[in-house]
>>> print(open('start.cif').read())   # mmCIF, N, CA and C atoms
data_input
#
loop_
_atom_site.label_atom_id
_atom_site.label_comp_id
_atom_site.auth_asym_id
_atom_site.auth_seq_id
_atom_site.Cartn_x
_atom_site.Cartn_y
_atom_site.Cartn_z
N MET A 28 15.17 -1.78 93.78
CA MET A 28 16.39 -1.00 93.77
C MET A 28 17.39 -1.60 92.79
N LEU A 29 17.52 -2.91 92.82
CA LEU A 29 18.44 -3.58 91.92
C LEU A 29 18.02 -3.37 90.47
N ILE A 30 16.72 -3.48 90.20
CA ILE A 30 16.22 -3.29 88.84
C ILE A 30 16.48 -1.86 88.39
N ALA A 31 16.30 -0.89 89.27
CA ALA A 31 16.54 0.50 88.91
C ALA A 31 18.00 0.71 88.58
N GLY A 32 18.91 0.06 89.30
CA GLY A 32 20.34 0.19 89.03
C GLY A 32 20.70 -0.43 87.69
N ILE A 33 20.12 -1.58 87.39
CA ILE A 33 20.40 -2.24 86.11
C ILE A 33 19.83 -1.41 84.98
N CYS A 34 18.64 -0.89 85.21
CA CYS A 34 18.01 -0.05 84.19
C CYS A 34 18.87 1.18 83.92
N GLY A 35 19.43 1.72 84.98
CA GLY A 35 20.29 2.89 84.82
C GLY A 35 21.53 2.53 84.01
N LEU A 36 22.13 1.38 84.27
CA LEU A 36 23.31 0.96 83.51
C LEU A 36 22.97 0.75 82.05
N VAL A 37 21.81 0.13 81.81
CA VAL A 37 21.42 -0.15 80.43
C VAL A 37 21.16 1.16 79.70
N MET A 38 20.53 2.09 80.38
CA MET A 38 20.23 3.37 79.74
C MET A 38 21.50 4.13 79.42
N VAL A 39 22.48 4.06 80.31
CA VAL A 39 23.74 4.75 80.06
C VAL A 39 24.45 4.09 78.88
N ALA A 40 24.38 2.78 78.83
CA ALA A 40 25.06 2.05 77.77
C ALA A 40 24.48 2.39 76.41
N VAL A 41 23.20 2.63 76.34
CA VAL A 41 22.61 2.95 75.04
C VAL A 41 22.64 4.45 74.78
N SER A 42 23.06 5.19 75.75
CA SER A 42 23.21 6.65 75.68
C SER A 42 21.98 7.34 75.14
N GLY A 43 20.87 6.99 75.66
CA GLY A 43 19.65 7.69 75.31
C GLY A 43 18.73 7.72 76.50
N CYS A 44 19.28 8.00 77.70
CA CYS A 44 18.54 7.85 78.95
C CYS A 44 17.32 8.74 79.02
N GLY A 45 17.37 9.88 78.70
CA GLY A 45 16.19 10.74 78.82
C GLY A 45 15.72 11.23 77.48
N ALA A 46 16.16 10.65 76.44
CA ALA A 46 15.82 11.13 75.10
C ALA A 46 14.35 10.92 74.84
N GLU A 47 13.74 11.90 74.20
CA GLU A 47 12.33 11.86 73.92
C GLU A 47 12.05 11.51 72.47
N THR A 48 13.07 11.17 71.74
CA THR A 48 12.85 10.85 70.32
C THR A 48 12.26 9.46 70.22
N ASP A 49 11.64 9.22 69.07
CA ASP A 49 11.08 7.88 68.84
C ASP A 49 12.17 6.82 68.90
N ARG A 50 13.29 7.17 68.33
CA ARG A 50 14.39 6.22 68.33
C ARG A 50 14.84 5.93 69.75
N GLY A 51 14.94 6.94 70.54
CA GLY A 51 15.35 6.78 71.93
C GLY A 51 14.37 5.93 72.72
N LYS A 52 13.08 6.15 72.51
CA LYS A 52 12.07 5.37 73.22
C LYS A 52 12.15 3.89 72.80
N ALA A 53 12.38 3.69 71.50
CA ALA A 53 12.45 2.32 71.02
C ALA A 53 13.65 1.61 71.63
N VAL A 54 14.79 2.31 71.70
CA VAL A 54 15.99 1.70 72.25
C VAL A 54 15.80 1.46 73.73
N ILE A 55 15.25 2.45 74.43
CA ILE A 55 15.06 2.30 75.87
C ILE A 55 14.04 1.20 76.14
N ALA A 56 12.97 1.19 75.35
CA ALA A 56 11.94 0.18 75.56
C ALA A 56 12.51 -1.21 75.33
N SER A 57 13.30 -1.35 74.26
CA SER A 57 13.84 -2.70 74.01
C SER A 57 14.89 -3.05 75.06
N ALA A 58 15.64 -2.07 75.52
CA ALA A 58 16.65 -2.35 76.53
C ALA A 58 15.97 -2.73 77.84
N THR A 59 14.91 -2.00 78.22
CA THR A 59 14.22 -2.33 79.46
C THR A 59 13.50 -3.66 79.33
N THR A 60 12.99 -3.94 78.14
CA THR A 60 12.29 -5.20 77.95
C THR A 60 13.26 -6.36 78.11
N SER A 61 14.49 -6.22 77.54
CA SER A 61 15.43 -7.31 77.67
C SER A 61 15.85 -7.50 79.11
N VAL A 62 16.00 -6.40 79.86
CA VAL A 62 16.44 -6.52 81.24
C VAL A 62 15.28 -7.03 82.09
N ALA A 63 14.07 -6.60 81.80
CA ALA A 63 12.93 -6.96 82.63
C ALA A 63 12.58 -8.44 82.46
N ALA A 64 12.88 -9.04 81.30
CA ALA A 64 12.56 -10.45 81.09
C ALA A 64 13.79 -11.28 81.42
N PRO A 65 13.79 -11.89 82.61
CA PRO A 65 14.97 -12.67 83.00
C PRO A 65 15.11 -13.92 82.12
N VAL A 66 16.33 -14.22 81.84
CA VAL A 66 16.63 -15.39 81.00
C VAL A 66 17.02 -16.52 81.93
N SER A 67 16.36 -17.65 81.75
CA SER A 67 16.68 -18.78 82.63
C SER A 67 18.00 -19.40 82.18
N SER A 68 18.67 -20.05 83.11
CA SER A 68 19.96 -20.66 82.79
C SER A 68 19.79 -21.84 81.84
N ALA A 69 18.60 -22.48 81.83
CA ALA A 69 18.36 -23.61 80.94
C ALA A 69 18.33 -23.15 79.49
N ALA A 70 17.82 -21.94 79.25
CA ALA A 70 17.73 -21.45 77.88
C ALA A 70 19.09 -21.07 77.34
N VAL A 71 20.02 -20.70 78.22
CA VAL A 71 21.33 -20.25 77.79
C VAL A 71 22.23 -21.44 77.44
N THR A 72 22.06 -22.55 78.13
CA THR A 72 22.95 -23.68 77.87
C THR A 72 22.65 -24.30 76.51
N SER A 73 23.64 -24.86 75.93
CA SER A 73 23.45 -25.47 74.61
C SER A 73 22.69 -26.79 74.77
N PRO A 74 21.95 -27.16 73.75
CA PRO A 74 21.16 -28.39 73.87
C PRO A 74 22.06 -29.61 74.00
N VAL A 75 21.58 -30.58 74.73
CA VAL A 75 22.35 -31.80 74.93
C VAL A 75 22.09 -32.72 73.75
N ILE A 76 23.12 -33.05 73.04
CA ILE A 76 23.01 -33.95 71.89
C ILE A 76 23.46 -35.32 72.36
N PRO A 77 22.56 -36.29 72.26
CA PRO A 77 22.96 -37.61 72.74
C PRO A 77 24.08 -38.19 71.90
N LYS A 78 24.99 -38.85 72.55
CA LYS A 78 26.11 -39.47 71.84
C LYS A 78 25.60 -40.72 71.14
N THR A 79 26.04 -40.88 69.93
CA THR A 79 25.67 -42.10 69.21
C THR A 79 26.84 -43.06 69.29
N THR A 80 26.52 -44.27 69.53
CA THR A 80 27.57 -45.28 69.60
C THR A 80 27.59 -46.05 68.30
N VAL A 81 28.76 -46.34 67.84
CA VAL A 81 28.91 -47.13 66.63
C VAL A 81 28.92 -48.59 67.04
N ARG A 82 27.97 -49.33 66.49
CA ARG A 82 27.85 -50.73 66.84
C ARG A 82 28.47 -51.56 65.73
N GLN A 83 29.46 -52.29 66.08
CA GLN A 83 30.11 -53.13 65.08
C GLN A 83 29.40 -54.47 65.03
N GLU A 84 29.07 -54.86 63.81
CA GLU A 84 28.41 -56.14 63.62
C GLU A 84 29.45 -57.25 63.65
N VAL A 85 29.21 -58.19 64.50
CA VAL A 85 30.10 -59.35 64.59
C VAL A 85 29.47 -60.45 63.75
N PRO A 86 30.19 -60.94 62.74
CA PRO A 86 29.58 -61.96 61.89
C PRO A 86 29.28 -63.23 62.68
N THR A 87 28.12 -63.77 62.40
CA THR A 87 27.72 -65.00 63.06
C THR A 87 28.33 -66.17 62.30
N PRO A 88 28.99 -67.07 63.00
CA PRO A 88 29.59 -68.20 62.30
C PRO A 88 28.50 -69.09 61.72
N PRO A 89 28.77 -69.73 60.59
CA PRO A 89 27.75 -70.59 60.00
C PRO A 89 27.48 -71.78 60.91
N PRO A 90 26.26 -72.29 60.85
CA PRO A 90 25.95 -73.43 61.72
C PRO A 90 26.74 -74.65 61.31
N ALA A 91 27.01 -75.48 62.29
CA ALA A 91 27.76 -76.71 62.01
C ALA A 91 26.90 -77.63 61.15
N PRO A 92 27.52 -78.37 60.26
CA PRO A 92 26.73 -79.27 59.43
C PRO A 92 26.04 -80.33 60.29
N VAL A 93 24.85 -80.65 59.88
CA VAL A 93 24.05 -81.61 60.63
C VAL A 93 24.54 -83.01 60.30
N GLN A 94 24.88 -83.74 61.33
CA GLN A 94 25.30 -85.12 61.15
C GLN A 94 24.06 -86.00 61.20
N ARG A 95 23.80 -86.68 60.10
CA ARG A 95 22.63 -87.54 60.05
C ARG A 95 23.06 -89.00 60.12
N ALA A 96 22.34 -89.70 60.91
CA ALA A 96 22.59 -91.13 61.01
C ALA A 96 22.03 -91.80 59.76
N PRO A 97 22.67 -92.83 59.28
CA PRO A 97 22.14 -93.51 58.11
C PRO A 97 20.74 -94.05 58.41
N THR A 98 19.86 -93.82 57.47
CA THR A 98 18.48 -94.26 57.66
C THR A 98 18.22 -95.49 56.79
N ALA A 99 18.89 -96.58 57.11
CA ALA A 99 18.70 -97.82 56.35
C ALA A 99 17.31 -98.35 56.64
N GLN A 100 16.48 -98.34 55.61
CA GLN A 100 15.12 -98.81 55.77
C GLN A 100 14.91 -100.14 55.04
N ALA A 101 15.77 -100.45 54.09
CA ALA A 101 15.56 -101.65 53.29
C ALA A 101 16.90 -102.12 52.73
N LEU A 102 16.89 -103.29 52.16
CA LEU A 102 18.07 -103.79 51.44
C LEU A 102 17.84 -103.55 49.96
N MET A 103 18.90 -103.12 49.28
CA MET A 103 18.79 -102.84 47.84
C MET A 103 18.54 -104.16 47.10
N PRO A 104 17.44 -104.24 46.33
CA PRO A 104 17.19 -105.45 45.54
C PRO A 104 17.99 -105.41 44.24
N ASN A 105 18.11 -106.53 43.57
CA ASN A 105 18.75 -106.59 42.26
C ASN A 105 17.71 -106.19 41.22
N VAL A 106 17.90 -105.02 40.58
CA VAL A 106 16.92 -104.52 39.62
C VAL A 106 17.51 -104.35 38.22
N VAL A 107 18.76 -104.81 38.00
CA VAL A 107 19.40 -104.68 36.68
C VAL A 107 18.60 -105.51 35.68
N CYS A 108 18.42 -104.96 34.49
CA CYS A 108 17.70 -105.53 33.36
C CYS A 108 16.18 -105.51 33.57
N MET A 109 15.72 -104.76 34.56
CA MET A 109 14.28 -104.58 34.76
C MET A 109 13.85 -103.27 34.13
N ASN A 110 12.58 -103.20 33.77
CA ASN A 110 11.97 -101.96 33.33
C ASN A 110 12.09 -100.97 34.50
N LEU A 111 12.37 -99.70 34.21
CA LEU A 111 12.58 -98.71 35.27
C LEU A 111 11.39 -98.63 36.21
N GLN A 112 10.19 -98.64 35.68
CA GLN A 112 9.00 -98.56 36.54
C GLN A 112 8.92 -99.77 37.46
N ALA A 113 9.18 -100.96 36.92
CA ALA A 113 9.14 -102.19 37.73
C ALA A 113 10.24 -102.17 38.79
N ALA A 114 11.42 -101.63 38.46
CA ALA A 114 12.53 -101.54 39.41
C ALA A 114 12.16 -100.59 40.56
N GLN A 115 11.56 -99.46 40.23
CA GLN A 115 11.14 -98.52 41.28
C GLN A 115 10.09 -99.16 42.18
N ASN A 116 9.17 -99.91 41.60
CA ASN A 116 8.14 -100.59 42.40
C ASN A 116 8.77 -101.59 43.36
N LYS A 117 9.78 -102.32 42.89
CA LYS A 117 10.46 -103.33 43.73
C LYS A 117 11.17 -102.65 44.91
N ILE A 118 11.82 -101.52 44.64
CA ILE A 118 12.50 -100.77 45.72
C ILE A 118 11.47 -100.26 46.73
N GLN A 119 10.33 -99.80 46.25
CA GLN A 119 9.29 -99.29 47.14
C GLN A 119 8.68 -100.40 47.99
N GLU A 120 8.66 -101.62 47.47
CA GLU A 120 8.14 -102.75 48.25
C GLU A 120 8.96 -102.94 49.53
N GLY A 121 10.24 -102.58 49.48
CA GLY A 121 11.11 -102.70 50.66
C GLY A 121 10.94 -101.55 51.64
N GLY A 122 10.17 -100.51 51.29
CA GLY A 122 9.93 -99.40 52.21
C GLY A 122 10.63 -98.10 51.85
N VAL A 123 11.40 -98.10 50.76
CA VAL A 123 12.08 -96.87 50.33
C VAL A 123 11.29 -96.30 49.15
N TRP A 124 10.81 -95.08 49.29
CA TRP A 124 9.92 -94.50 48.29
C TRP A 124 10.64 -93.63 47.28
N TYR A 125 11.83 -93.16 47.58
CA TYR A 125 12.52 -92.24 46.67
C TYR A 125 13.81 -92.87 46.16
N SER A 126 13.86 -93.10 44.85
CA SER A 126 15.09 -93.56 44.19
C SER A 126 15.36 -92.62 43.03
N ARG A 127 16.59 -92.61 42.57
CA ARG A 127 16.97 -91.70 41.48
C ARG A 127 17.35 -92.51 40.25
N SER A 128 17.24 -91.88 39.08
CA SER A 128 17.67 -92.55 37.84
C SER A 128 18.44 -91.55 37.00
N THR A 129 19.42 -92.07 36.25
CA THR A 129 20.25 -91.24 35.37
C THR A 129 20.37 -91.91 34.01
N ASP A 130 20.58 -91.10 32.99
CA ASP A 130 20.76 -91.59 31.63
C ASP A 130 22.16 -92.20 31.52
N ALA A 131 22.23 -93.52 31.27
CA ALA A 131 23.51 -94.22 31.20
C ALA A 131 24.31 -93.85 29.95
N THR A 132 23.71 -93.24 28.96
CA THR A 132 24.44 -92.85 27.74
C THR A 132 25.24 -91.57 27.95
N GLY A 133 24.97 -90.84 29.01
CA GLY A 133 25.67 -89.58 29.27
C GLY A 133 25.03 -88.39 28.57
N LYS A 134 23.92 -88.60 27.90
CA LYS A 134 23.24 -87.50 27.18
C LYS A 134 22.40 -86.63 28.11
N GLY A 135 22.21 -87.06 29.33
CA GLY A 135 21.46 -86.24 30.30
C GLY A 135 19.97 -86.21 30.06
N ARG A 136 19.43 -87.20 29.37
CA ARG A 136 18.00 -87.22 29.09
C ARG A 136 17.20 -87.50 30.36
N MET A 137 16.03 -86.90 30.42
CA MET A 137 15.13 -87.10 31.57
C MET A 137 14.28 -88.34 31.33
N GLN A 138 14.01 -89.07 32.39
CA GLN A 138 13.17 -90.25 32.29
C GLN A 138 11.73 -89.83 32.61
N VAL A 139 11.04 -89.36 31.57
CA VAL A 139 9.68 -88.85 31.77
C VAL A 139 8.69 -90.00 31.92
N LEU A 140 8.74 -90.96 31.03
CA LEU A 140 7.86 -92.12 31.11
C LEU A 140 8.72 -93.31 31.51
N ASP A 141 8.68 -93.64 32.80
CA ASP A 141 9.58 -94.67 33.35
C ASP A 141 9.45 -96.02 32.66
N ALA A 142 8.30 -96.32 32.14
CA ALA A 142 8.07 -97.62 31.50
C ALA A 142 8.85 -97.76 30.20
N ASN A 143 9.38 -96.67 29.64
CA ASN A 143 10.14 -96.71 28.38
C ASN A 143 11.64 -96.89 28.59
N TRP A 144 12.09 -97.13 29.81
CA TRP A 144 13.51 -97.22 30.13
C TRP A 144 13.81 -98.57 30.77
N ILE A 145 15.06 -99.02 30.62
CA ILE A 145 15.51 -100.28 31.21
C ILE A 145 16.75 -100.01 32.08
N VAL A 146 16.83 -100.64 33.24
CA VAL A 146 17.95 -100.45 34.17
C VAL A 146 19.13 -101.28 33.68
N VAL A 147 20.29 -100.63 33.47
CA VAL A 147 21.50 -101.34 33.02
C VAL A 147 22.56 -101.41 34.12
N ALA A 148 22.41 -100.61 35.18
CA ALA A 148 23.35 -100.64 36.31
C ALA A 148 22.65 -100.04 37.52
N GLN A 149 23.14 -100.36 38.71
CA GLN A 149 22.55 -99.83 39.92
C GLN A 149 23.62 -99.56 40.96
N THR A 150 23.34 -98.58 41.81
CA THR A 150 24.19 -98.25 42.95
C THR A 150 23.26 -98.03 44.12
N PRO A 151 23.47 -98.62 45.24
CA PRO A 151 24.50 -99.58 45.60
C PRO A 151 24.17 -100.98 45.06
N ALA A 152 25.08 -101.89 45.37
CA ALA A 152 24.94 -103.28 44.92
C ALA A 152 23.77 -103.96 45.66
N PRO A 153 23.23 -105.02 45.11
CA PRO A 153 22.14 -105.75 45.78
C PRO A 153 22.56 -106.20 47.19
N GLY A 154 21.64 -106.09 48.14
CA GLY A 154 21.88 -106.52 49.51
C GLY A 154 22.40 -105.44 50.44
N VAL A 155 22.78 -104.27 49.93
CA VAL A 155 23.30 -103.17 50.75
C VAL A 155 22.12 -102.40 51.35
N PRO A 156 22.18 -102.04 52.65
CA PRO A 156 21.09 -101.26 53.26
C PRO A 156 20.98 -99.88 52.58
N ILE A 157 19.75 -99.47 52.29
CA ILE A 157 19.51 -98.18 51.64
C ILE A 157 18.44 -97.40 52.38
N GLY A 158 18.46 -96.09 52.17
CA GLY A 158 17.43 -95.18 52.68
C GLY A 158 16.89 -94.37 51.52
N GLU A 159 16.11 -93.37 51.84
CA GLU A 159 15.49 -92.53 50.81
C GLU A 159 16.56 -91.84 49.96
N GLY A 160 16.47 -92.00 48.65
CA GLY A 160 17.38 -91.35 47.71
C GLY A 160 18.71 -92.03 47.51
N ASP A 161 18.96 -93.12 48.24
CA ASP A 161 20.26 -93.80 48.11
C ASP A 161 20.36 -94.62 46.82
N ALA A 162 19.26 -95.15 46.34
CA ALA A 162 19.27 -96.01 45.15
C ALA A 162 19.39 -95.14 43.90
N VAL A 163 20.43 -95.40 43.10
CA VAL A 163 20.64 -94.69 41.84
C VAL A 163 20.64 -95.74 40.73
N LEU A 164 19.73 -95.57 39.79
CA LEU A 164 19.56 -96.53 38.70
C LEU A 164 20.02 -95.90 37.39
N SER A 165 20.97 -96.54 36.71
CA SER A 165 21.43 -96.08 35.40
C SER A 165 20.58 -96.76 34.35
N VAL A 166 20.02 -95.98 33.42
CA VAL A 166 19.04 -96.51 32.47
C VAL A 166 19.32 -96.07 31.04
N VAL A 167 18.80 -96.87 30.11
CA VAL A 167 18.78 -96.51 28.68
C VAL A 167 17.35 -96.76 28.20
N LYS A 168 17.01 -96.14 27.08
CA LYS A 168 15.68 -96.35 26.52
C LYS A 168 15.56 -97.79 26.03
N ILE A 169 14.39 -98.36 26.15
CA ILE A 169 14.15 -99.70 25.63
C ILE A 169 14.40 -99.67 24.12
N GLY A 170 15.13 -100.64 23.63
CA GLY A 170 15.48 -100.69 22.21
C GLY A 170 16.89 -100.19 21.94
N GLU A 171 17.48 -99.42 22.88
CA GLU A 171 18.85 -98.99 22.71
C GLU A 171 19.78 -100.12 23.16
N ARG A 172 20.98 -100.08 22.67
CA ARG A 172 21.96 -101.10 23.02
C ARG A 172 22.19 -101.18 24.52
N ASN A 173 22.14 -102.39 25.10
CA ASN A 173 22.34 -102.56 26.54
C ASN A 173 22.85 -103.96 26.82
N PRO A 174 23.40 -104.21 28.00
CA PRO A 174 23.97 -105.52 28.32
C PRO A 174 22.91 -106.56 28.70
N CYS A 175 21.69 -106.20 28.73
CA CYS A 175 20.66 -107.15 29.18
C CYS A 175 20.29 -108.07 28.09
#
>>> encode(input="start.cif", output="structure tokens")
Amino acid sequence: MLIAGICGLVMVAVSGCGAETDRGKAVIASATTSVAAPVSSAAVTSPVIPKTTVRQEVPTPPPAPVQRAPTAQALMPNVVCMNLQAAQNKIQEGGVWYSRSTDATGKGRMQVLDANWIVVAQTPAPGVPIGEGDAVLSVVKIGERNPC
């Protein structure tokens, strides 16, 4: 009964209730089809769009500098006026394997063949406790002017 009443309202609304024309049948058929197919409430509601949250990046503070205890492994020997290779060997005898050397002339030359250089100054002074890389030897090429 309810469907017949709705169908009657739809037919009146399209004003072709008893029309026998093709157009009338098409309108009535589409009107009855729309009424006969119930629309669920889920289809009528708008889709749920999830809210996006803006995440602010908080900068991470840099790590604190690592405090290293002095690693005194040996006492600095007196290596001034020694061949660079012999000076490095003497430092290694005390247990320190890594020492550095610099060109005492200020030219920035690399000490490729250690046997060709002579130590003219050293840091630290003889007798001071040293660790890896603490010994710095200032050198000139053998034959260049030096205090030795």
>>> atom_distance(input="start.cif", atom1="CA of Gln100 in chain A", atom2="CA of Ala113 in chain A")
19.3 Å
>>> closest_residue(input="start.cif", among="A:Ile118, A:Gly135, A:Thr87, A:Trp124", to="Val106 in chain A", atoms="only N, CA and C atoms")
A:Ile118
>>> resolve_selection(input="start.cif", expression="the PyMOL selection byres ((chain A and resi 164) around 6)", output="number ranges by chain")
A: 127-129, 146, 148-150, 162-163, 165-166
>>> atom_distance(input="start.cif", atom1="atom C of Gly160 in chain A", atom2="atom C of Gly121 in chain A")
13.0 Å
>>> closest_residue(input="start.cif", among="A:Asn105, A:Asn116, A:Ser126, A:Asn110", to="Ile145 in chain A", atoms="all atoms listed in the file")
A:Asn110
>>> atom_distance(input="start.cif", atom1="atom N of Ala131 in chain A", atom2="atom N of Val147 in chain A")
7.7 Å
>>> closest_residue(input="start.cif", among="A:Val75, A:Val85, A:Val155, A:Ala142", to="Met109 in chain A", atoms="only C-alpha atoms")
A:Ala142
>>> build_atoms(input="start.cif", residues="range 112-121 of chain A", atoms="all heavy atoms", output="PDB file, in the coordinates of the input")
ATOM      1  N   GLN A 112      10.190 -98.640  35.680  1.00  0.00           N
ATOM      2  CA  GLN A 112       9.000 -98.560  36.540  1.00  0.00           C
ATOM      3  C   GLN A 112       8.920 -99.770  37.460  1.00  0.00           C
ATOM      4  O   GLN A 112       8.656 -99.632  38.658  1.00  0.00           O
ATOM      5  CB  GLN A 112       7.727 -98.437  35.699  1.00  0.00           C
ATOM      6  CG  GLN A 112       6.470 -98.230  36.548  1.00  0.00           C
ATOM      7  CD  GLN A 112       6.526 -96.938  37.355  1.00  0.00           C
ATOM      8  OE1 GLN A 112       6.594 -95.854  36.793  1.00  0.00           O
ATOM      9  NE2 GLN A 112       6.511 -97.043  38.682  1.00  0.00           N
ATOM     10  N   ALA A 113       9.180-100.960  36.920  1.00  0.00           N
ATOM     11  CA  ALA A 113       9.140-102.190  37.730  1.00  0.00           C
ATOM     12  C   ALA A 113      10.240-102.170  38.790  1.00  0.00           C
ATOM     13  O   ALA A 113      10.031-102.598  39.938  1.00  0.00           O
ATOM     14  CB  ALA A 113       9.277-103.413  36.836  1.00  0.00           C
ATOM     15  N   ALA A 114      11.420-101.630  38.460  1.00  0.00           N
ATOM     16  CA  ALA A 114      12.530-101.540  39.410  1.00  0.00           C
ATOM     17  C   ALA A 114      12.160-100.590  40.560  1.00  0.00           C
ATOM     18  O   ALA A 114      12.419-100.895  41.731  1.00  0.00           O
ATOM     19  CB  ALA A 114      13.793-101.057  38.696  1.00  0.00           C
ATOM     20  N   GLN A 115      11.560 -99.460  40.230  1.00  0.00           N
ATOM     21  CA  GLN A 115      11.140 -98.520  41.280  1.00  0.00           C
ATOM     22  C   GLN A 115      10.090 -99.160  42.180  1.00  0.00           C
ATOM     23  O   GLN A 115      10.127 -98.988  43.401  1.00  0.00           O
ATOM     24  CB  GLN A 115      10.603 -97.235  40.644  1.00  0.00           C
ATOM     25  CG  GLN A 115      11.677 -96.409  39.964  1.00  0.00           C
ATOM     26  CD  GLN A 115      11.092 -95.252  39.158  1.00  0.00           C
ATOM     27  OE1 GLN A 115       9.936 -95.267  38.754  1.00  0.00           O
ATOM     28  NE2 GLN A 115      11.928 -94.246  38.909  1.00  0.00           N
ATOM     29  N   ASN A 116       9.170 -99.910  41.600  1.00  0.00           N
ATOM     30  CA  ASN A 116       8.140-100.590  42.400  1.00  0.00           C
ATOM     31  C   ASN A 116       8.770-101.590  43.360  1.00  0.00           C
ATOM     32  O   ASN A 116       8.358-101.691  44.520  1.00  0.00           O
ATOM     33  CB  ASN A 116       7.130-101.293  41.495  1.00  0.00           C
ATOM     34  CG  ASN A 116       6.282-100.308  40.699  1.00  0.00           C
ATOM     35  OD1 ASN A 116       6.215 -99.126  41.013  1.00  0.00           O
ATOM     36  ND2 ASN A 116       5.642-100.815  39.641  1.00  0.00           N
ATOM     37  N   LYS A 117       9.780-102.320  42.890  1.00  0.00           N
ATOM     38  CA  LYS A 117      10.460-103.330  43.730  1.00  0.00           C
ATOM     39  C   LYS A 117      11.170-102.650  44.910  1.00  0.00           C
ATOM     40  O   LYS A 117      11.139-103.147  46.036  1.00  0.00           O
ATOM     41  CB  LYS A 117      11.453-104.130  42.897  1.00  0.00           C
ATOM     42  CG  LYS A 117      12.089-105.254  43.655  1.00  0.00           C
ATOM     43  CD  LYS A 117      12.192-106.453  42.768  1.00  0.00           C
ATOM     44  CE  LYS A 117      12.810-107.582  43.535  1.00  0.00           C
ATOM     45  NZ  LYS A 117      12.004-108.764  43.506  1.00  0.00           N
ATOM     46  N   ILE A 118      11.820-101.520  44.640  1.00  0.00           N
ATOM     47  CA  ILE A 118      12.500-100.770  45.720  1.00  0.00           C
ATOM     48  C   ILE A 118      11.470-100.260  46.730  1.00  0.00           C
ATOM     49  O   ILE A 118      11.680-100.341  47.946  1.00  0.00           O
ATOM     50  CB  ILE A 118      13.347 -99.615  45.138  1.00  0.00           C
ATOM     51  CG1 ILE A 118      14.518-100.183  44.321  1.00  0.00           C
ATOM     52  CG2 ILE A 118      13.857 -98.686  46.233  1.00  0.00           C
ATOM     53  CD1 ILE A 118      15.255 -99.163  43.485  1.00  0.00           C
ATOM     54  N   GLN A 119      10.330 -99.800  46.250  1.00  0.00           N
ATOM     55  CA  GLN A 119       9.290 -99.290  47.140  1.00  0.00           C
ATOM     56  C   GLN A 119       8.680-100.400  47.990  1.00  0.00           C
ATOM     57  O   GLN A 119       8.244-100.150  49.116  1.00  0.00           O
ATOM     58  CB  GLN A 119       8.209 -98.566  46.325  1.00  0.00           C
ATOM     59  CG  GLN A 119       8.688 -97.243  45.770  1.00  0.00           C
ATOM     60  CD  GLN A 119       7.673 -96.556  44.865  1.00  0.00           C
ATOM     61  OE1 GLN A 119       6.575 -97.062  44.647  1.00  0.00           O
ATOM     62  NE2 GLN A 119       8.048 -95.398  44.336  1.00  0.00           N
ATOM     63  N   GLU A 120       8.660-101.620  47.470  1.00  0.00           N
ATOM     64  CA  GLU A 120       8.140-102.750  48.250  1.00  0.00           C
ATOM     65  C   GLU A 120       8.960-102.940  49.530  1.00  0.00           C
ATOM     66  O   GLU A 120       8.431-103.389  50.546  1.00  0.00           O
ATOM     67  CB  GLU A 120       8.182-104.043  47.425  1.00  0.00           C
ATOM     68  CG  GLU A 120       7.121-104.131  46.364  1.00  0.00           C
ATOM     69  CD  GLU A 120       7.311-105.342  45.450  1.00  0.00           C
ATOM     70  OE1 GLU A 120       8.137-106.239  45.754  1.00  0.00           O
ATOM     71  OE2 GLU A 120       6.643-105.374  44.406  1.00  0.00           O
ATOM     72  N   GLY A 121      10.240-102.580  49.480  1.00  0.00           N
ATOM     73  CA  GLY A 121      11.110-102.700  50.660  1.00  0.00           C
ATOM     74  C   GLY A 121      10.940-101.550  51.640  1.00  0.00           C
ATOM     75  O   GLY A 121      11.531-101.562  52.719  1.00  0.00           O
TER      76      GLY A 121
END
